[in-house]
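Participant: Sharing a structure with you now.
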Protein chains: 2
Amino acid sequence: MTDPRQIEEWTDKLAELAVTGANVQPGQLVAVTSFVGKEYLARKVAAAAYRRGAKYVDVVTFDQWVKRERLLHAAEDTLDYIPPWMSQRLLHLSEVHAARITLSGPHAPTALEGVDPARAGRDLLPYLPETGTVVNSMTTNWNIVPAPTPAWAEAVYPELDPQAAYEKLWEDVAHICRLDATDPGEAWVERVAELKSSAARLNDRAFDAIRLHGPGTDLTIGLLPSARWQAGDMSTVDGTRHFPNIPTEENFTTPDPERVDGYVSATMPLELAGSVISGIRVEFQGGRATGIDADRGADAIRAAASSDEGASRLGELALVDREGRIGPLGRVFFDTLIDENAASHIALGGGYDHAVVGEDDKKRVNKSRIHVDFMIGSNALAVDGITRDGDAVPVLRDGAWQI
Amino acid sequence: MTDPRQIEEWTDKLAELAVTGANVQPGQLVAVTSFVGKEYLARKVAAAAYRRGAKYVDVVTFDQWVKRERLLHAAEDTLDYIPPWMSQRLLHLSEVHAARITLSGPHAPTALEGVDPARAGRDLLPYLPETGTVVNSMTTNWNIVPAPTPAWAEAVYPELDPQAAYEKLWEDVAHICRLDATDPGEAWVERVAELKSSAARLNDRAFDAIRLHGPGTDLTIGLLPSARWQAGDMSTVDGTRHFPNIPTEENFTTPDPERVDGYVSATMPLELAGSVISGIRVEFQGGRATGIDADRGADAIRAAASSDEGASRLGELALVDREGRIGPLGRVFFDTLIDENAASHIALGGGYDHAVVGEDDKKRVNKSRIHVDFMIGSNALAVDGITRDGDAVPVLRDGAWQI
């Protein structure tokens with residue numbers, strides 16, 4: 001059994017890491033998005049942010065069990081409704097250049113069981129349609145960290161008893177977030193430097209497209225001419241450097257939303273605003289997802305993908321090598337923050353303006369109120385870069401960089 | 001030991017009672033203000049509201065442990081800051097004529113221990129300065145019910161073990177809220193009818209002032225010429241009848257804010273936005289609280305009373321007889337909703353426009369961003385009505401109506 005003081009110590013370190021990752025500045029408004037059951041961490045994040053001189057720490061807590069009641073009972077024509085304060089709050093955070101911290105991981109993975117996936121796919125709260133615009137405006141310094149809860153742990157480790165599952169999930173999160181380092185913040189500075197070096201090698205090649213092929217997948221994704229591969233290291237318009245995701249093990253860019261062709265099979269289930277979707281298969285033609293299927297929850301992702309014009313096109317392509325700490329664990333965590341860093345992935349919906357340089361390309365970045373990542377990578381997935389001359393250059397084989 | 005199914009059953013009944021008390025209408029936006037640890041009730045309130053046809057149930061959850069971090073660490077000049085979305089949300093509820101439900105009772109009574117009361121008194125969140133205006137505009141149908149938590153129970157029953165304390169508090173809440181009735185909503189219709197009859201007798205007398213005298217108290221409170229005594233039975237501008245407080249055992253009116261003279265001693269401690277204040281003594285001259293003292297937490301109530309011009313004047317006078325279910329329990333619940341219905345009380349801060357009839361009197365109702373009730377009644381407190389001729393008429397003696 002893990003010493004309870006160990007979890008306490010990890011909680012302290014994770015809270016510090018969240019405010020370090022977001023790089024909370026003195027005098028800043030700090031918004032925390034949390035879920036029921038994560039109070040232990042939200043409180044420590046608040047303490048850590050106030051110690052750094054935060055003006056106010058604004059914790060908003062969601063509850064998927066309340067969402068369940070909505071999805072079970074509310075009238076069909078109300079399911080797109082979002083209370084105006086939520087958007088007003090996010091836009092205000094952008095306006096005053098606030099810090100934003102999110103505590104991720106499904107607090108109640110069974111809450112939406114038995115709910116009609118088509119209805120569930122219409123309510124992605126607490127994710128807001130304005131998120132993409134705010135992220136792209138680079139006005140806020142932000143960070144997402146995972147925060148274990150007992151119910152989440154049971155979903156990840158159903159074979160263990162609840163207490164053991166909770167301790168095991170904490171061990172994983174501590175390992176994945178590098179809480180074992182003397183200075184976890186510094187450990188991430190070092191890891192991000194490595195990721196920037198693989199991004200630089202990808203940028204040097206200036207590929208025209210990326211082809212992903214392996215079991216159930218053969219997809220070619222066009223890149224915009226001025227595309228830049230990124231690591232999880234951003235700076236706001238005020239120059240506040242921050243690490244948006246901890247963990248981060250990916251190199252990502254935003255693709256050409258009109259040049260995606262082929263088919264792709266997800267290698268992991270996806271947790272989408274409370275719903276679990278597994279066995280996803282998508283066909284693309286001319287950039288658009290023309291067919292979406294899944295073993296479970298297909299209607300939820302179909303509903304999300306029909307939210308608006310851009311919701312059926314790609315906003316992100318990310319490559320993940322086998323050097324990270326998540327893939328080797330061989331577990332599905334049902335948390336996009338963790339799972340997307342285990343394997344290469346793509347996202348339907350809004351893209352990242354900062355991942356292209358040219359003004360014309362920025363206009364071509366996909367726009368949508370949604371951004372849904374799903375994992376398509378594995379060591380069996382081969383990744384090639386397609387040059388402007390049409391040659392295929394091996395990029396990843398068996399999870400190892402070839403460039 | 002109470003059967004756990006009993007608490008489950010009470011929770012169901014209390015949730016039903018909250019939406020019945022607020023009289024949630026089909027198609028209405030329903031705002032729920034809750035605290036960490038009350039999720040079990042918030043979820044059932046959401047379910048009950050959706051079953052009545054609510055458009056959306058917007059649960060916002062506060063955490064006094066996060067407030068503690070603010071009060072310990074935040075800079076002095078930030079303590080009055082309120083994130084704009086909170087006020088925007090409340091004003092929107094008023095604009096669209098929403099329902100509002102609050103789950104009361106201190107979820108963490110020890111959270112502010114050791115915090116400087118003067119700092120604590122400056123942060124009354126989740127209470128908002130706009131609350132009084134919204135209540136007076138009668139645009140929202142609303143209800144407050146108590147929601148037990150283990151930590152609250154320990155504060156009320158420190159002599160019991162935690163589980164027994166929790167069960168006992170639930171028993172009290174069930175008794176106080178009349179959950180033992182076959183139809184608790186109907187039981188409150190009947191109880192409110194009794195309270196309206198004592199209000200009518202008080203109104204018939206049209207007293208010029210009320211004198212309260214007993215141990216530590218001799219206070220004369222002037223009434224406005226068109227003052228009307230109320231019971232906890234309101235209707236919105238749309239005609240939606242609702243019971244704002246459950247329990248309610250009071251007859252209240254809004255006094256003349258310029259005619260309050262004498263001294264008063266609280267008969268119970270007061271829980272003020274997380275701080276416990278006990279042994280309160282206040283002197284009034286010409287309506288204004290000229291001296292405020294307390295055995296504990298004096299600076300918190302002093303800070304609140306200096307929030308604005310009206311914060312040191314009275315907005316409410318309420319008389320409570322001995323017929324209610326709370327007084328006989330002889331317990332302090334550290335929850336104003338319950339405690340104020342155990343004993344006669346006064347409130348510093350904003351008054352109720354609907355408790356006066358004349359347009360001139362409405363202008364004279366006290367205005368403030370705060371509204372802080374404190375309990376001054378007991379069976380030892382004598383209440384007299386002062387006629388316009390200056391005669392004293394016994395109103396309450398030993399907790400029994402004399403009129």
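Numbering starts fresh at 1 for the residues of each chain in the structure tokens, the chains themselves are lettered A, B, ... in the order given, and ligands are numbered from 1 as they appear.
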Within 9 Å of stretch 159-166 of chain A, counting only C-alpha atoms, which residues show up once you throw out same-chain ones fewer than 5 positions away? Write them as number ranges by chain, please.
Facilitator: A: 1-2, 148-154, 171
Participant: Save out the residues we just selected, C-alpha atoms, as a short mmCIF file (atom, residue, chain, number, x, y, z; two decimals), in the first residue's frame.
Facilitator:
data_model
loop_
_atom_site.label_atom_id
_atom_site.label_comp_id
_atom_site.auth_asym_id
_atom_site.auth_seq_id
_atom_site.Cartn_x
_atom_site.Cartn_y
_atom_site.Cartn_z
CA MET A 1 0.00 0.00 0.00
CA THR A 2 1.19 3.48 -0.88
CA PRO A 148 -6.83 11.26 -10.10
CA THR A 149 -10.17 10.36 -8.55
CA PRO A 150 -11.23 6.94 -7.22
CA ALA A 151 -13.90 6.46 -9.92
CA TRP A 152 -11.41 7.28 -12.65
CA ALA A 153 -8.92 4.83 -11.14
CA GLU A 154 -11.52 2.05 -11.19
CA GLU A 171 1.72 6.21 -9.19
#
Participant: Please run DSSP on the backbone and report, as a PyMOL selection string, all residues within stretch 88-180 of chain B that come out as strand (DSSP E).
Facilitator: chain B and resi 99-104+141-146
Participant: Output all heavy atoms for every residue in that selection, as an mmCIF file, in the first residue's frame.
Facilitator:
data_model
loop_
_atom_site.group_PDB
_atom_site.id
_atom_site.type_symbol
_atom_site.label_atom_id
_atom_site.label_comp_id
_atom_site.auth_asym_id
_atom_site.auth_seq_id
_atom_site.Cartn_x
_atom_site.Cartn_y
_atom_site.Cartn_z
ATOM 1 N N ALA B 99 -35.340 30.458 -12.254
ATOM 2 C CA ALA B 99 -35.524 29.981 -10.878
ATOM 3 C C ALA B 99 -34.148 29.903 -10.223
ATOM 4 O O ALA B 99 -33.153 29.636 -10.889
ATOM 5 C CB ALA B 99 -36.184 28.607 -10.880
ATOM 6 N N ARG B 100 -34.106 30.168 -8.916
ATOM 7 C CA ARG B 100 -32.843 30.097 -8.180
ATOM 8 C C ARG B 100 -33.031 29.214 -6.947
ATOM 9 O O ARG B 100 -33.959 29.421 -6.172
ATOM 10 C CB ARG B 100 -32.390 31.495 -7.735
ATOM 11 C CG ARG B 100 -32.081 32.433 -8.904
ATOM 12 C CD ARG B 100 -31.483 33.760 -8.426
ATOM 13 N NE ARG B 100 -32.384 34.470 -7.538
ATOM 14 C CZ ARG B 100 -32.110 34.787 -6.273
ATOM 15 N NH1 ARG B 100 -30.938 34.466 -5.742
ATOM 16 N NH2 ARG B 100 -33.004 35.418 -5.543
ATOM 17 N N ILE B 101 -32.140 28.264 -6.776
ATOM 18 C CA ILE B 101 -32.193 27.373 -5.614
ATOM 19 C C ILE B 101 -30.826 27.386 -4.946
ATOM 20 O O ILE B 101 -29.796 27.269 -5.620
ATOM 21 C CB ILE B 101 -32.588 25.936 -6.047
ATOM 22 C CG1 ILE B 101 -34.038 25.915 -6.547
ATOM 23 C CG2 ILE B 101 -32.387 24.950 -4.890
ATOM 24 C CD1 ILE B 101 -34.479 24.613 -7.194
ATOM 25 N N THR B 102 -30.800 27.561 -3.643
ATOM 26 C CA THR B 102 -29.539 27.560 -2.897
ATOM 27 C C THR B 102 -29.563 26.442 -1.865
ATOM 28 O O THR B 102 -30.570 26.243 -1.184
ATOM 29 C CB THR B 102 -29.316 28.921 -2.202
ATOM 30 O OG1 THR B 102 -29.243 29.932 -3.207
ATOM 31 C CG2 THR B 102 -28.024 28.929 -1.390
ATOM 32 N N LEU B 103 -28.459 25.708 -1.775
ATOM 33 C CA LEU B 103 -28.326 24.658 -0.770
ATOM 34 C C LEU B 103 -27.480 25.225 0.353
ATOM 35 O O LEU B 103 -26.292 25.499 0.161
ATOM 36 C CB LEU B 103 -27.672 23.418 -1.391
ATOM 37 C CG LEU B 103 -28.314 22.935 -2.698
ATOM 38 C CD1 LEU B 103 -27.673 21.630 -3.160
ATOM 39 C CD2 LEU B 103 -29.820 22.755 -2.545
ATOM 40 N N SER B 104 -28.086 25.431 1.524
ATOM 41 C CA SER B 104 -27.390 26.171 2.573
ATOM 42 C C SER B 104 -26.827 25.263 3.647
ATOM 43 O O SER B 104 -26.993 24.040 3.631
ATOM 44 C CB SER B 104 -28.323 27.218 3.183
ATOM 45 O OG SER B 104 -29.079 26.641 4.212
ATOM 46 N N ASN B 141 -38.096 33.262 -9.208
ATOM 47 C CA ASN B 141 -38.720 32.441 -8.160
ATOM 48 C C ASN B 141 -37.614 31.604 -7.529
ATOM 49 O O ASN B 141 -36.841 30.961 -8.233
ATOM 50 C CB ASN B 141 -39.841 31.568 -8.733
ATOM 51 C CG ASN B 141 -39.525 30.966 -10.086
ATOM 52 O OD1 ASN B 141 -39.078 31.668 -10.981
ATOM 53 N ND2 ASN B 141 -39.767 29.676 -10.242
ATOM 54 N N TRP B 142 -37.529 31.657 -6.208
ATOM 55 C CA TRP B 142 -36.362 31.075 -5.566
ATOM 56 C C TRP B 142 -36.683 30.388 -4.251
ATOM 57 O O TRP B 142 -37.746 30.573 -3.664
ATOM 58 C CB TRP B 142 -35.263 32.124 -5.376
ATOM 59 C CG TRP B 142 -35.659 33.365 -4.623
ATOM 60 C CD1 TRP B 142 -36.428 34.393 -5.099
ATOM 61 C CD2 TRP B 142 -35.295 33.703 -3.281
ATOM 62 N NE1 TRP B 142 -36.548 35.359 -4.130
ATOM 63 C CE2 TRP B 142 -35.865 34.969 -3.011
ATOM 64 C CE3 TRP B 142 -34.533 33.074 -2.293
ATOM 65 C CZ2 TRP B 142 -35.706 35.615 -1.775
ATOM 66 C CZ3 TRP B 142 -34.366 33.723 -1.064
ATOM 67 C CH2 TRP B 142 -34.956 34.967 -0.820
ATOM 68 N N ASN B 143 -35.714 29.593 -3.828
ATOM 69 C CA ASN B 143 -35.868 28.793 -2.616
ATOM 70 C C ASN B 143 -34.489 28.434 -2.068
ATOM 71 O O ASN B 143 -33.567 28.176 -2.826
ATOM 72 C CB ASN B 143 -36.635 27.503 -2.962
ATOM 73 C CG ASN B 143 -36.698 26.551 -1.791
ATOM 74 O OD1 ASN B 143 -35.899 25.629 -1.700
ATOM 75 N ND2 ASN B 143 -37.607 26.781 -0.870
ATOM 76 N N ILE B 144 -34.401 28.452 -0.735
ATOM 77 C CA ILE B 144 -33.186 27.966 -0.061
ATOM 78 C C ILE B 144 -33.579 26.822 0.847
ATOM 79 O O ILE B 144 -34.553 26.942 1.602
ATOM 80 C CB ILE B 144 -32.520 29.069 0.806
ATOM 81 C CG1 ILE B 144 -32.436 30.393 0.028
ATOM 82 C CG2 ILE B 144 -31.152 28.632 1.278
ATOM 83 C CD1 ILE B 144 -31.779 31.517 0.832
ATOM 84 N N VAL B 145 -32.861 25.707 0.755
ATOM 85 C CA VAL B 145 -33.066 24.586 1.697
ATOM 86 C C VAL B 145 -31.715 24.209 2.299
ATOM 87 O O VAL B 145 -30.680 24.379 1.658
ATOM 88 C CB VAL B 145 -33.659 23.319 1.020
ATOM 89 C CG1 VAL B 145 -35.114 23.509 0.645
ATOM 90 C CG2 VAL B 145 -32.825 22.860 -0.162
ATOM 91 N N PRO B 146 -31.731 23.672 3.523
ATOM 92 C CA PRO B 146 -30.466 23.234 4.125
ATOM 93 C C PRO B 146 -30.054 21.867 3.575
ATOM 94 O O PRO B 146 -30.902 21.026 3.298
ATOM 95 C CB PRO B 146 -30.797 23.122 5.616
ATOM 96 C CG PRO B 146 -32.271 22.917 5.687
ATOM 97 C CD PRO B 146 -32.883 23.495 4.432
#
Participant: I'd like a table as a tab-separated table: residues in chain B with an atom no more than 10 Å from chain A, each row giving the shortest atom pair and its distance in Å to one decimal, only C-alpha atoms counted, sorted by chain and rising residue number.
Facilitator:
residue	atom	partner	partner_atom	distance
B:Gly27	CA	A:Ala75	CA	8.9
B:Leu29	CA	A:Pro83	CA	8.7
B:Ala31	CA	A:Pro83	CA	9.9
B:Val36	CA	A:Val36	CA	8.0
B:Gly37	CA	A:Val36	CA	9.1
B:Glu39	CA	A:Val36	CA	8.1
B:Tyr40	CA	A:Trp65	CA	9.5
B:Ala42	CA	A:Val66	CA	7.8
B:Arg43	CA	A:Val66	CA	5.2
B:Lys44	CA	A:Val66	CA	8.4
B:Val45	CA	A:Val66	CA	9.2
B:Ala46	CA	A:Val66	CA	6.4
B:Ala47	CA	A:Glu69	CA	5.3
B:Ala48	CA	A:Glu69	CA	8.9
B:Ala49	CA	A:Glu69	CA	9.4
B:Tyr50	CA	A:His73	CA	5.7
B:Arg51	CA	A:His73	CA	6.3
B:Arg52	CA	A:His73	CA	9.3
B:Gly53	CA	A:Ala74	CA	6.9
B:Ala54	CA	A:Ala74	CA	7.0
B:Lys55	CA	A:Thr78	CA	6.2
B:Tyr56	CA	A:Arg70	CA	7.2
B:Val57	CA	A:Arg70	CA	7.6
B:Asp58	CA	A:Pro83	CA	7.4
B:Val59	CA	A:Val66	CA	8.0
B:Val60	CA	A:Thr61	CA	7.2
B:Thr61	CA	A:Thr61	CA	6.3
B:Phe62	CA	A:Val60	CA	8.1
B:Asp63	CA	A:Glu39	CA	8.3
B:Gln64	CA	A:Arg43	CA	9.5
B:Trp65	CA	A:Arg43	CA	6.6
B:Val66	CA	A:Arg43	CA	5.2
B:Lys67	CA	A:Val57	CA	8.9
B:Arg68	CA	A:Ala47	CA	8.8
B:Glu69	CA	A:Ala47	CA	5.2
B:Arg70	CA	A:Tyr50	CA	6.7
B:Leu71	CA	A:Tyr50	CA	9.6
B:Leu72	CA	A:Tyr50	CA	8.7
B:His73	CA	A:Tyr50	CA	5.7
B:Ala74	CA	A:Tyr50	CA	5.9
B:Ala75	CA	A:Lys55	CA	7.2
B:Glu76	CA	A:Lys55	CA	9.9
B:Asp77	CA	A:Lys55	CA	9.2
B:Thr78	CA	A:Lys55	CA	6.2
B:Leu79	CA	A:Tyr56	CA	8.5
B:Tyr81	CA	A:Tyr56	CA	7.6
B:Ile82	CA	A:Tyr56	CA	8.4
B:Pro83	CA	A:Asp58	CA	7.4
B:Pro84	CA	A:Arg89	CA	7.5
B:Trp85	CA	A:Arg89	CA	5.3
B:Met86	CA	A:Trp85	CA	7.6
B:Ser87	CA	A:Trp85	CA	9.1
B:Gln88	CA	A:Trp85	CA	6.5
B:Arg89	CA	A:Trp85	CA	5.3
B:Leu90	CA	A:Trp85	CA	9.1
B:His92	CA	A:Pro84	CA	8.1
B:Leu93	CA	A:Pro83	CA	9.8
Participant: Please return as a PDB file with N, CA and C atoms, in the first residue's frame: the residues of stretch 164-248 of chain B that backbone DSSP assigns to helix (DSSP H, G or I).
Facilitator:
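Below is the file that was written, result-v9.pdb:
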ATOM      1  N   ALA B 164     -22.817   9.468  13.797  1.00  0.00           N
ATOM      2  CA  ALA B 164     -24.026   9.756  14.586  1.00  0.00           C
ATOM      3  C   ALA B 164     -24.418  11.221  14.441  1.00  0.00           C
ATOM      4  N   ALA B 165     -23.415  12.098  14.415  1.00  0.00           N
ATOM      5  CA  ALA B 165     -23.694  13.530  14.266  1.00  0.00           C
ATOM      6  C   ALA B 165     -24.367  13.791  12.922  1.00  0.00           C
ATOM      7  N   TYR B 166     -23.862  13.150  11.877  1.00  0.00           N
ATOM      8  CA  TYR B 166     -24.423  13.342  10.528  1.00  0.00           C
ATOM      9  C   TYR B 166     -25.878  12.874  10.486  1.00  0.00           C
ATOM     10  N   GLU B 167     -26.119  11.705  11.084  1.00  0.00           N
ATOM     11  CA  GLU B 167     -27.488  11.186  11.100  1.00  0.00           C
ATOM     12  C   GLU B 167     -28.419  12.087  11.900  1.00  0.00           C
ATOM     13  N   LYS B 168     -27.891  12.598  13.026  1.00  0.00           N
ATOM     14  CA  LYS B 168     -28.717  13.463  13.883  1.00  0.00           C
ATOM     15  C   LYS B 168     -29.057  14.760  13.147  1.00  0.00           C
ATOM     16  N   LEU B 169     -28.075  15.334  12.449  1.00  0.00           N
ATOM     17  CA  LEU B 169     -28.346  16.568  11.719  1.00  0.00           C
ATOM     18  C   LEU B 169     -29.394  16.318  10.632  1.00  0.00           C
ATOM     19  N   TRP B 170     -29.274  15.181   9.973  1.00  0.00           N
ATOM     20  CA  TRP B 170     -30.284  14.837   8.961  1.00  0.00           C
ATOM     21  C   TRP B 170     -31.673  14.709   9.590  1.00  0.00           C
ATOM     22  N   GLU B 171     -31.715  14.058  10.761  1.00  0.00           N
ATOM     23  CA  GLU B 171     -33.010  13.938  11.472  1.00  0.00           C
ATOM     24  C   GLU B 171     -33.598  15.315  11.758  1.00  0.00           C
ATOM     25  N   ASP B 172     -32.719  16.218  12.239  1.00  0.00           N
ATOM     26  CA  ASP B 172     -33.175  17.577  12.535  1.00  0.00           C
ATOM     27  C   ASP B 172     -33.694  18.263  11.274  1.00  0.00           C
ATOM     28  N   VAL B 173     -32.912  18.170  10.200  1.00  0.00           N
ATOM     29  CA  VAL B 173     -33.300  18.839   8.953  1.00  0.00           C
ATOM     30  C   VAL B 173     -34.620  18.259   8.434  1.00  0.00           C
ATOM     31  N   ALA B 174     -34.755  16.935   8.529  1.00  0.00           N
ATOM     32  CA  ALA B 174     -36.004  16.302   8.082  1.00  0.00           C
ATOM     33  C   ALA B 174     -37.186  16.818   8.913  1.00  0.00           C
ATOM     34  N   HIS B 175     -36.963  16.934  10.233  1.00  0.00           N
ATOM     35  CA  HIS B 175     -38.013  17.420  11.135  1.00  0.00           C
ATOM     36  C   HIS B 175     -38.340  18.886  10.827  1.00  0.00           C
ATOM     37  N   ILE B 176     -37.288  19.694  10.747  1.00  0.00           N
ATOM     38  CA  ILE B 176     -37.441  21.138  10.539  1.00  0.00           C
ATOM     39  C   ILE B 176     -38.100  21.436   9.194  1.00  0.00           C
ATOM     40  N   PRO B 184     -44.705  17.094   1.915  1.00  0.00           N
ATOM     41  CA  PRO B 184     -44.040  18.219   2.589  1.00  0.00           C
ATOM     42  C   PRO B 184     -44.374  19.570   1.943  1.00  0.00           C
ATOM     43  N   GLY B 185     -44.545  19.598   0.645  1.00  0.00           N
ATOM     44  CA  GLY B 185     -44.901  20.862  -0.015  1.00  0.00           C
ATOM     45  C   GLY B 185     -46.218  21.392   0.512  1.00  0.00           C
ATOM     46  N   GLU B 186     -47.184  20.484   0.680  1.00  0.00           N
ATOM     47  CA  GLU B 186     -48.504  20.851   1.195  1.00  0.00           C
ATOM     48  C   GLU B 186     -48.397  21.283   2.658  1.00  0.00           C
ATOM     49  N   ALA B 187     -47.529  20.594   3.422  1.00  0.00           N
ATOM     50  CA  ALA B 187     -47.332  20.964   4.829  1.00  0.00           C
ATOM     51  C   ALA B 187     -46.851  22.410   4.933  1.00  0.00           C
ATOM     52  N   TRP B 188     -46.005  22.821   3.998  1.00  0.00           N
ATOM     53  CA  TRP B 188     -45.524  24.208   4.029  1.00  0.00           C
ATOM     54  C   TRP B 188     -46.594  25.192   3.575  1.00  0.00           C
ATOM     55  N   VAL B 189     -47.465  24.775   2.685  1.00  0.00           N
ATOM     56  CA  VAL B 189     -48.592  25.653   2.321  1.00  0.00           C
ATOM     57  C   VAL B 189     -49.430  25.940   3.571  1.00  0.00           C
ATOM     58  N   GLU B 190     -49.628  24.883   4.381  1.00  0.00           N
ATOM     59  CA  GLU B 190     -50.421  25.054   5.608  1.00  0.00           C
ATOM     60  C   GLU B 190     -49.704  25.922   6.636  1.00  0.00           C
ATOM     61  N   ARG B 191     -48.395  25.641   6.842  1.00  0.00           N
ATOM     62  CA  ARG B 191     -47.633  26.411   7.841  1.00  0.00           C
ATOM     63  C   ARG B 191     -47.559  27.880   7.432  1.00  0.00           C
ATOM     64  N   VAL B 192     -47.366  28.129   6.140  1.00  0.00           N
ATOM     65  CA  VAL B 192     -47.267  29.512   5.667  1.00  0.00           C
ATOM     66  C   VAL B 192     -48.613  30.230   5.851  1.00  0.00           C
ATOM     67  N   ALA B 193     -49.709  29.498   5.729  1.00  0.00           N
ATOM     68  CA  ALA B 193     -51.031  30.108   5.969  1.00  0.00           C
ATOM     69  C   ALA B 193     -51.131  30.598   7.415  1.00  0.00           C
ATOM     70  N   GLU B 194     -50.607  29.810   8.369  1.00  0.00           N
ATOM     71  CA  GLU B 194     -50.591  30.256   9.776  1.00  0.00           C
ATOM     72  C   GLU B 194     -49.748  31.514   9.933  1.00  0.00           C
ATOM     73  N   LEU B 195     -48.574  31.507   9.283  1.00  0.00           N
ATOM     74  CA  LEU B 195     -47.680  32.661   9.397  1.00  0.00           C
ATOM     75  C   LEU B 195     -48.317  33.904   8.771  1.00  0.00           C
ATOM     76  N   LYS B 196     -49.105  33.696   7.737  1.00  0.00           N
ATOM     77  CA  LYS B 196     -49.782  34.833   7.118  1.00  0.00           C
ATOM     78  C   LYS B 196     -50.865  35.387   8.039  1.00  0.00           C
ATOM     79  N   SER B 197     -51.410  34.507   8.872  1.00  0.00           N
ATOM     80  CA  SER B 197     -52.449  35.016   9.772  1.00  0.00           C
ATOM     81  C   SER B 197     -51.816  35.868  10.877  1.00  0.00           C
ATOM     82  N   SER B 198     -50.641  35.484  11.396  1.00  0.00           N
ATOM     83  CA  SER B 198     -50.010  36.371  12.386  1.00  0.00           C
ATOM     84  C   SER B 198     -49.526  37.662  11.715  1.00  0.00           C
ATOM     85  N   ALA B 199     -49.051  37.561  10.461  1.00  0.00           N
ATOM     86  CA  ALA B 199     -48.661  38.778   9.734  1.00  0.00           C
ATOM     87  C   ALA B 199     -49.858  39.718   9.600  1.00  0.00           C
ATOM     88  N   ALA B 200     -51.026  39.138   9.314  1.00  0.00           N
ATOM     89  CA  ALA B 200     -52.230  39.963   9.138  1.00  0.00           C
ATOM     90  C   ALA B 200     -52.593  40.673  10.445  1.00  0.00           C
ATOM     91  N   ARG B 201     -52.452  39.957  11.580  1.00  0.00           N
ATOM     92  CA  ARG B 201     -52.767  40.594  12.870  1.00  0.00           C
ATOM     93  C   ARG B 201     -51.794  41.740  13.161  1.00  0.00           C
ATOM     94  N   LEU B 202     -50.519  41.532  12.837  1.00  0.00           N
ATOM     95  CA  LEU B 202     -49.535  42.602  13.014  1.00  0.00           C
ATOM     96  C   LEU B 202     -49.870  43.790  12.106  1.00  0.00           C
ATOM     97  N   ASN B 203     -50.256  43.496  10.877  1.00  0.00           N
ATOM     98  CA  ASN B 203     -50.584  44.572   9.937  1.00  0.00           C
ATOM     99  C   ASN B 203     -51.794  45.374  10.403  1.00  0.00           C
ATOM    100  N   ASP B 204     -52.780  44.667  10.998  1.00  0.00           N
ATOM    101  CA  ASP B 204     -53.981  45.346  11.489  1.00  0.00           C
ATOM    102  C   ASP B 204     -53.639  46.413  12.519  1.00  0.00           C
ATOM    103  N   ARG B 205     -52.581  46.143  13.314  1.00  0.00           N
ATOM    104  CA  ARG B 205     -52.229  47.087  14.379  1.00  0.00           C
ATOM    105  C   ARG B 205     -51.514  48.322  13.842  1.00  0.00           C
TER     106      ARG B 205
END
Participant: I want to know what sits within 8 Å of B:Pro106, based on only C-alpha atoms, with residues of the same chain fewer than 4 positions away left out; could you give that as an NGL selection string?
Facilitator: :B and (152 or 271 or 274 or 334-335)
Participant: Let's have the selection written as a JSON list (two decimals), in the first residue's frame, with N, CA and C atoms.
Facilitator:
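Generated output (result_20.json):
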[["chain", "number", "residue", "atom", "x", "y", "z"],
["B", 152, "TRP", "N", -20.41, 19.90, 8.73],
["B", 152, "TRP", "CA", -21.42, 20.74, 9.37],
["B", 152, "TRP", "C", -21.99, 20.02, 10.60],
["B", 271, "GLU", "N", -23.14, 32.52, 11.43],
["B", 271, "GLU", "CA", -22.18, 32.07, 10.43],
["B", 271, "GLU", "C", -22.26, 33.05, 9.27],
["B", 274, "GLY", "N", -18.75, 31.85, 6.08],
["B", 274, "GLY", "CA", -17.65, 30.98, 6.48],
["B", 274, "GLY", "C", -17.07, 31.30, 7.85],
["B", 334, "PHE", "N", -25.58, 27.05, 13.14],
["B", 334, "PHE", "CA", -24.56, 27.78, 12.36],
["B", 334, "PHE", "C", -24.98, 27.95, 10.90],
["B", 335, "ASP", "N", -26.27, 28.00, 10.67],
["B", 335, "ASP", "CA", -26.81, 28.23, 9.33],
["B", 335, "ASP", "C", -27.93, 29.24, 9.50]]
Participant: Could you list, as a list in words, every residue within 9 Å of A:Ile301, counting only C-alpha atoms and ignoring same-chain residues fewer than 5 positions away?
Facilitator: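 The residues that qualify are Pro117, Ala118, Gly121, Leu272, Ile277, Ile280, Ile292, Asp293, Ala294, Ser306 and Val372 of chain A.
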Participant: Which residues are near A:Gly315? Cut-off 8 Å, only C-alpha atoms, ignore same chain within fewer than 2 positions. Put them as an MDAnalysis selection string.
Facilitator: chainID A and resid 254:255 257 313 317 346:352 365:367 371
Participant: Could you state the separation of atom CA of A:Ser378 and atom CA of A:Ala300 in Å, given to one decimal place?
Facilitator: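 Distance between the two atoms: 24.2 Å.
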